[in-house]
Each structure stands twice: as structure tokens, then as C-alpha cells.
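So this block is upload15.json, JSON, N, CA and C atoms:
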[["chain", "number", "residue", "atom", "x", "y", "z"],
["A", 1, "MET", "N", 3.63, 7.98, -15.71],
["A", 1, "MET", "CA", 2.90, 7.76, -14.48],
["A", 1, "MET", "C", 2.43, 9.11, -13.94],
["A", 2, "HIS", "N", 1.21, 9.16, -13.51],
["A", 2, "HIS", "CA", 0.62, 10.36, -12.96],
["A", 2, "HIS", "C", 1.13, 10.58, -11.53],
["A", 3, "ALA", "N", 1.21, 11.82, -11.09],
["A", 3, "ALA", "CA", 1.73, 12.14, -9.76],
["A", 3, "ALA", "C", 0.89, 11.55, -8.64],
["A", 4, "LEU", "N", -0.41, 11.37, -8.86],
["A", 4, "LEU", "CA", -1.28, 10.84, -7.82],
["A", 4, "LEU", "C", -1.37, 9.31, -7.84],
["A", 5, "GLN", "N", -0.83, 8.68, -8.87],
["A", 5, "GLN", "CA", -0.89, 7.22, -8.95],
["A", 5, "GLN", "C", 0.15, 6.61, -8.03],
["A", 6, "PRO", "N", -0.23, 5.61, -7.21],
["A", 6, "PRO", "CA", 0.73, 5.00, -6.30],
["A", 6, "PRO", "C", 1.80, 4.21, -7.05],
["A", 7, "LYS", "N", 2.99, 4.16, -6.45],
["A", 7, "LYS", "CA", 4.10, 3.43, -7.03],
["A", 7, "LYS", "C", 3.83, 1.93, -6.91],
["A", 8, "GLN", "N", 4.00, 1.19, -8.00],
["A", 8, "GLN", "CA", 3.78, -0.25, -8.00],
["A", 8, "GLN", "C", 4.98, -0.95, -8.60],
["A", 9, "LYS", "N", 5.40, -2.04, -7.95],
["A", 9, "LYS", "CA", 6.51, -2.81, -8.51],
["A", 9, "LYS", "C", 6.25, -4.30, -8.33],
["A", 10, "LYS", "N", 6.71, -5.06, -9.29],
["A", 10, "LYS", "CA", 6.58, -6.52, -9.26],
["A", 10, "LYS", "C", 7.66, -7.07, -8.34],
["A", 11, "LEU", "N", 7.27, -7.99, -7.44],
["A", 11, "LEU", "CA", 8.22, -8.58, -6.50],
["A", 11, "LEU", "C", 8.86, -9.83, -7.07],
["A", 12, "LYS", "N", 10.11, -10.06, -6.69],
["A", 12, "LYS", "CA", 10.82, -11.27, -7.08],
["A", 12, "LYS", "C", 10.36, -12.42, -6.18],
["A", 13, "SER", "N", 10.63, -13.64, -6.58],
["A", 13, "SER", "CA", 10.12, -14.81, -5.85],
["A", 13, "SER", "C", 10.65, -14.87, -4.42],
["A", 14, "ASP", "N", 11.90, -14.47, -4.18],
["A", 14, "ASP", "CA", 12.42, -14.51, -2.81],
["A", 14, "ASP", "C", 11.76, -13.43, -1.95],
["A", 15, "GLU", "N", 11.42, -12.28, -2.54],
["A", 15, "GLU", "CA", 10.71, -11.24, -1.80],
["A", 15, "GLU", "C", 9.30, -11.69, -1.45],
["A", 16, "VAL", "N", 8.64, -12.40, -2.38],
["A", 16, "VAL", "CA", 7.30, -12.92, -2.13],
["A", 16, "VAL", "C", 7.34, -13.91, -0.97],
["A", 17, "LYS", "N", 8.34, -14.79, -0.97],
["A", 17, "LYS", "CA", 8.46, -15.78, 0.10],
["A", 17, "LYS", "C", 8.63, -15.09, 1.45],
["A", 18, "GLN", "N", 9.43, -14.04, 1.52],
["A", 18, "GLN", "CA", 9.63, -13.30, 2.78],
["A", 18, "GLN", "C", 8.32, -12.68, 3.26],
["A", 19, "ILE", "N", 7.55, -12.10, 2.35],
["A", 19, "ILE", "CA", 6.27, -11.48, 2.71],
["A", 19, "ILE", "C", 5.31, -12.53, 3.24],
["A", 20, "LEU", "N", 5.21, -13.66, 2.53],
["A", 20, "LEU", "CA", 4.29, -14.71, 2.95],
["A", 20, "LEU", "C", 4.70, -15.30, 4.30],
["A", 21, "ASP", "N", 5.99, -15.45, 4.53],
["A", 21, "ASP", "CA", 6.46, -15.95, 5.82],
["A", 21, "ASP", "C", 6.21, -14.95, 6.94],
["A", 22, "ARG", "N", 6.42, -13.67, 6.65],
["A", 22, "ARG", "CA", 6.23, -12.64, 7.67],
["A", 22, "ARG", "C", 4.78, -12.58, 8.15],
["A", 23, "TYR", "N", 3.85, -12.68, 7.22],
["A", 23, "TYR", "CA", 2.43, -12.59, 7.57],
["A", 23, "TYR", "C", 1.77, -13.96, 7.77],
["A", 24, "ASN", "N", 2.53, -15.03, 7.56],
["A", 24, "ASN", "CA", 2.04, -16.40, 7.73],
["A", 24, "ASN", "C", 0.77, -16.65, 6.92],
["A", 25, "ILE", "N", 0.86, -16.36, 5.62],
["A", 25, "ILE", "CA", -0.27, -16.53, 4.70],
["A", 25, "ILE", "C", 0.21, -17.22, 3.43],
["A", 26, "SER", "N", -0.72, -17.56, 2.56],
["A", 26, "SER", "CA", -0.38, -18.10, 1.24],
["A", 26, "SER", "C", -0.75, -17.05, 0.18],
["A", 27, "VAL", "N", -0.29, -17.27, -1.03],
["A", 27, "VAL", "CA", -0.56, -16.33, -2.12],
["A", 27, "VAL", "C", -2.07, -16.18, -2.35],
["A", 28, "SER", "N", -2.81, -17.27, -2.19],
["A", 28, "SER", "CA", -4.26, -17.22, -2.43],
["A", 28, "SER", "C", -5.00, -16.35, -1.41],
["A", 29, "GLN", "N", -4.36, -16.04, -0.27],
["A", 29, "GLN", "CA", -4.99, -15.21, 0.75],
["A", 29, "GLN", "C", -4.73, -13.71, 0.54],
["A", 30, "LEU", "N", -3.86, -13.37, -0.40],
["A", 30, "LEU", "CA", -3.61, -11.97, -0.70],
["A", 30, "LEU", "C", -4.78, -11.37, -1.47],
["A", 31, "PRO", "N", -5.02, -10.08, -1.30],
["A", 31, "PRO", "CA", -6.05, -9.42, -2.12],
["A", 31, "PRO", "C", -5.66, -9.50, -3.60],
["A", 32, "LYS", "N", -6.65, -9.45, -4.48],
["A", 32, "LYS", "CA", -6.42, -9.60, -5.91],
["A", 32, "LYS", "C", -6.41, -8.25, -6.62],
["A", 33, "ILE", "N", -5.71, -8.22, -7.76],
["A", 33, "ILE", "CA", -5.73, -7.07, -8.66],
["A", 33, "ILE", "C", -5.83, -7.64, -10.07],
["A", 34, "LYS", "N", -6.66, -7.06, -10.89],
["A", 34, "LYS", "CA", -6.88, -7.59, -12.24],
["A", 34, "LYS", "C", -5.72, -7.24, -13.17],
["A", 35, "MET", "N", -5.50, -8.12, -14.12],
["A", 35, "MET", "CA", -4.42, -7.96, -15.10],
["A", 35, "MET", "C", -4.59, -6.67, -15.91],
["A", 36, "GLY", "N", -5.81, -6.24, -16.13],
["A", 36, "GLY", "CA", -6.07, -5.05, -16.93],
["A", 36, "GLY", "C", -5.91, -3.74, -16.18],
["A", 37, "ASP", "N", -5.51, -3.78, -14.93],
["A", 37, "ASP", "CA", -5.34, -2.54, -14.16],
["A", 37, "ASP", "C", -4.27, -1.68, -14.82],
["A", 38, "PRO", "N", -4.58, -0.42, -15.11],
["A", 38, "PRO", "CA", -3.62, 0.42, -15.84],
["A", 38, "PRO", "C", -2.36, 0.77, -15.04],
["A", 39, "GLY", "N", -2.37, 0.61, -13.73],
["A", 39, "GLY", "CA", -1.20, 0.96, -12.93],
["A", 39, "GLY", "C", -0.18, -0.14, -12.80],
["A", 40, "LEU", "N", -0.50, -1.35, -13.27],
["A", 40, "LEU", "CA", 0.43, -2.47, -13.14],
["A", 40, "LEU", "C", 1.67, -2.27, -14.00],
["A", 41, "PRO", "N", 2.83, -2.74, -13.51],
["A", 41, "PRO", "CA", 4.02, -2.72, -14.37],
["A", 41, "PRO", "C", 3.78, -3.56, -15.62],
["A", 42, "PRO", "N", 4.39, -3.21, -16.74],
["A", 42, "PRO", "CA", 4.09, -3.88, -18.01],
["A", 42, "PRO", "C", 4.49, -5.35, -18.08],
["A", 43, "ASP", "N", 5.42, -5.81, -17.25],
["A", 43, "ASP", "CA", 5.90, -7.19, -17.34],
["A", 43, "ASP", "C", 5.18, -8.15, -16.40],
["A", 44, "CYS", "N", 4.04, -7.77, -15.85],
["A", 44, "CYS", "CA", 3.30, -8.62, -14.90],
["A", 44, "CYS", "C", 2.53, -9.72, -15.61],
["A", 45, "GLN", "N", 2.53, -10.89, -14.99],
["A", 45, "GLN", "CA", 1.79, -12.05, -15.46],
["A", 45, "GLN", "C", 0.83, -12.46, -14.35],
["A", 46, "SER", "N", -0.12, -13.32, -14.68],
["A", 46, "SER", "CA", -1.05, -13.83, -13.70],
["A", 46, "SER", "C", -0.28, -14.63, -12.64],
["A", 47, "GLY", "N", -0.56, -14.38, -11.37],
["A", 47, "GLY", "CA", 0.12, -15.07, -10.27],
["A", 47, "GLY", "C", 1.26, -14.27, -9.66],
["A", 48, "ASP", "N", 1.68, -13.19, -10.32],
["A", 48, "ASP", "CA", 2.73, -12.34, -9.76],
["A", 48, "ASP", "C", 2.20, -11.55, -8.57],
["A", 49, "VAL", "N", 3.09, -11.17, -7.67],
["A", 49, "VAL", "CA", 2.72, -10.36, -6.52],
["A", 49, "VAL", "C", 3.28, -8.96, -6.74],
["A", 50, "VAL", "N", 2.44, -7.95, -6.51],
["A", 50, "VAL", "CA", 2.80, -6.56, -6.73],
["A", 50, "VAL", "C", 2.78, -5.83, -5.40],
["A", 51, "GLU", "N", 3.81, -5.00, -5.19],
["A", 51, "GLU", "CA", 3.88, -4.14, -4.00],
["A", 51, "GLU", "C", 3.40, -2.75, -4.41],
["A", 52, "ILE", "N", 2.47, -2.20, -3.64],
["A", 52, "ILE", "CA", 1.92, -0.88, -3.92],
["A", 52, "ILE", "C", 2.25, 0.03, -2.75],
["A", 53, "GLU", "N", 2.89, 1.17, -3.05],
["A", 53, "GLU", "CA", 3.24, 2.14, -2.01],
["A", 53, "GLU", "C", 2.37, 3.37, -2.16],
["A", 54, "ARG", "N", 1.60, 3.67, -1.14],
["A", 54, "ARG", "CA", 0.73, 4.85, -1.15],
["A", 54, "ARG", "C", 1.19, 5.80, -0.06],
["A", 55, "LYS", "N", 1.29, 7.07, -0.42],
["A", 55, "LYS", "CA", 1.65, 8.09, 0.56],
["A", 55, "LYS", "C", 0.38, 8.59, 1.23],
["A", 56, "PHE", "N", 0.41, 8.61, 2.55],
["A", 56, "PHE", "CA", -0.71, 9.10, 3.34],
["A", 56, "PHE", "C", -0.15, 10.05, 4.38],
["A", 57, "ARG", "N", -0.40, 11.31, 4.17],
["A", 57, "ARG", "CA", 0.18, 12.38, 4.99],
["A", 57, "ARG", "C", 1.71, 12.25, 4.93],
["A", 58, "ASP", "N", 2.38, 11.99, 6.04],
["A", 58, "ASP", "CA", 3.84, 11.88, 6.02],
["A", 58, "ASP", "C", 4.33, 10.45, 6.01],
["A", 59, "LYS", "N", 3.43, 9.48, 5.93],
["A", 59, "LYS", "CA", 3.81, 8.08, 5.96],
["A", 59, "LYS", "C", 3.62, 7.42, 4.61],
["A", 60, "VAL", "N", 4.39, 6.37, 4.37],
["A", 60, "VAL", "CA", 4.22, 5.55, 3.18],
["A", 60, "VAL", "C", 3.67, 4.22, 3.64],
["A", 61, "ARG", "N", 2.53, 3.84, 3.10],
["A", 61, "ARG", "CA", 1.90, 2.57, 3.44],
["A", 61, "ARG", "C", 2.10, 1.60, 2.30],
["A", 62, "THR", "N", 2.41, 0.36, 2.65],
["A", 62, "THR", "CA", 2.69, -0.66, 1.64],
["A", 62, "THR", "C", 1.58, -1.71, 1.63],
["A", 63, "TYR", "N", 1.12, -2.03, 0.44],
["A", 63, "TYR", "CA", 0.08, -3.04, 0.24],
["A", 63, "TYR", "C", 0.60, -4.07, -0.76],
["A", 64, "TYR", "N", 0.08, -5.28, -0.66],
["A", 64, "TYR", "CA", 0.47, -6.35, -1.56],
["A", 64, "TYR", "C", -0.76, -6.90, -2.25],
["A", 65, "ARG", "N", -0.65, -7.19, -3.54],
["A", 65, "ARG", "CA", -1.75, -7.73, -4.32],
["A", 65, "ARG", "C", -1.20, -8.83, -5.24],
["A", 66, "VAL", "N", -2.03, -9.84, -5.50],
["A", 66, "VAL", "CA", -1.67, -10.87, -6.47],
["A", 66, "VAL", "C", -2.44, -10.62, -7.75],
["A", 67, "VAL", "N", -1.76, -10.73, -8.87],
["A", 67, "VAL", "CA", -2.36, -10.44, -10.18],
["A", 67, "VAL", "C", -3.19, -11.65, -10.63],
["A", 68, "VAL", "N", -4.44, -11.38, -11.00],
["A", 68, "VAL", "CA", -5.32, -12.44, -11.52],
["A", 68, "VAL", "C", -5.75, -12.10, -12.94]]
Please render this file's structure as C-alpha cells.
Amino acid sequence: MHALQPKQKKLKSDEVKQILDRYNISVSQLPKIKMGDPGLPPDCQSGDVVEIERKFRDKVRTYYRVVV
């Protein structure tokens, strides 16, 4: 992994449920990320939800994407 590439991890089903409940959304409302993205963890399948952590100045921002 390159130093500038954001950290990405595949979420477990219970973690996905917590995220969806917290934001009151469904999986289809999450932004999409393509299966061929080179930053995805190797064990990702279509429909999985990925957490992306990006560092911005002194803060870490978290984003969620569904793999298509």
C-alpha cells in the first residue's frame, strides 16, 4: 500500500447494519465503488460495504462505499 493511499477495510454485516441504522439509509443509497478499484481489499465481493479512512490535516474522515 502506498503512503498516500487511504486505508480501506471491508465491514462485517453487523457493522454495516449499525452504519445503516445510524444514518437511516439503505445499502442502495450508499455511494458506489467499482470492483476493479486497486485500493479495495482483496476479499471484497459485489454488495460488500467498505470503510475508507482519509487523513485531512489533523483529522481522520471516514467514508462508506458499496462495491458494485
Within 6 Å of stretch 49-55 of chain A using all atoms listed in the file, minus same-chain residues under 6 positions, as a list in words: Pro6, Lys7, Gln8, Lys9, Lys10, Leu11, Arg61, Thr62, Tyr63, Tyr64, Arg65, Val66 and Val67 of chain A
Pull N, CA and C atoms from the residues just selected and write them as a JSON list (two decimals), in the coordinates of the input.
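Result went into result.json, see below:
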[["chain", "number", "residue", "atom", "x", "y", "z"],
["A", 6, "PRO", "N", -0.23, 5.61, -7.21],
["A", 6, "PRO", "CA", 0.73, 5.00, -6.30],
["A", 6, "PRO", "C", 1.80, 4.21, -7.05],
["A", 7, "LYS", "N", 2.99, 4.16, -6.45],
["A", 7, "LYS", "CA", 4.10, 3.43, -7.03],
["A", 7, "LYS", "C", 3.83, 1.93, -6.91],
["A", 8, "GLN", "N", 4.00, 1.19, -8.00],
["A", 8, "GLN", "CA", 3.78, -0.25, -8.00],
["A", 8, "GLN", "C", 4.98, -0.95, -8.60],
["A", 9, "LYS", "N", 5.40, -2.04, -7.95],
["A", 9, "LYS", "CA", 6.51, -2.81, -8.51],
["A", 9, "LYS", "C", 6.25, -4.30, -8.33],
["A", 10, "LYS", "N", 6.71, -5.06, -9.29],
["A", 10, "LYS", "CA", 6.58, -6.52, -9.26],
["A", 10, "LYS", "C", 7.66, -7.07, -8.34],
["A", 11, "LEU", "N", 7.27, -7.99, -7.44],
["A", 11, "LEU", "CA", 8.22, -8.58, -6.50],
["A", 11, "LEU", "C", 8.86, -9.83, -7.07],
["A", 61, "ARG", "N", 2.53, 3.84, 3.10],
["A", 61, "ARG", "CA", 1.90, 2.57, 3.44],
["A", 61, "ARG", "C", 2.10, 1.60, 2.30],
["A", 62, "THR", "N", 2.41, 0.36, 2.65],
["A", 62, "THR", "CA", 2.69, -0.66, 1.64],
["A", 62, "THR", "C", 1.58, -1.71, 1.63],
["A", 63, "TYR", "N", 1.12, -2.03, 0.44],
["A", 63, "TYR", "CA", 0.08, -3.04, 0.24],
["A", 63, "TYR", "C", 0.60, -4.07, -0.76],
["A", 64, "TYR", "N", 0.08, -5.28, -0.66],
["A", 64, "TYR", "CA", 0.47, -6.35, -1.56],
["A", 64, "TYR", "C", -0.76, -6.90, -2.25],
["A", 65, "ARG", "N", -0.65, -7.19, -3.54],
["A", 65, "ARG", "CA", -1.75, -7.73, -4.32],
["A", 65, "ARG", "C", -1.20, -8.83, -5.24],
["A", 66, "VAL", "N", -2.03, -9.84, -5.50],
["A", 66, "VAL", "CA", -1.67, -10.87, -6.47],
["A", 66, "VAL", "C", -2.44, -10.62, -7.75],
["A", 67, "VAL", "N", -1.76, -10.73, -8.87],
["A", 67, "VAL", "CA", -2.36, -10.44, -10.18],
["A", 67, "VAL", "C", -3.19, -11.65, -10.63]]
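Among the candidates A:Gln18, A:Ser46, A:Ser13, A:Arg57, the one nearest to A:Lys34 when counting only C-alpha atoms is A:Ser46.
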Residue list (helix (DSSP H, G or I), DSSP) for chain A, as an MDAnalysis selection string: chainID A and resid 13:23 27:29
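In this structure, atom C of A:Lys12 sits 28.4 Å away from atom N of A:Asp58.
Note that the spacing between atom N of A:Arg22 and atom CA of A:Leu40 amounts to 23.5 Å.
For the pair atom CA of A:Val68 and atom CA of A:Lys32, the separation is 6.4 Å.
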Chain A: residues DSSP assigns to strand (DSSP E), reported as an NGL selection string: :A and (7-10 or 32-33 or 49-56 or 59-67)
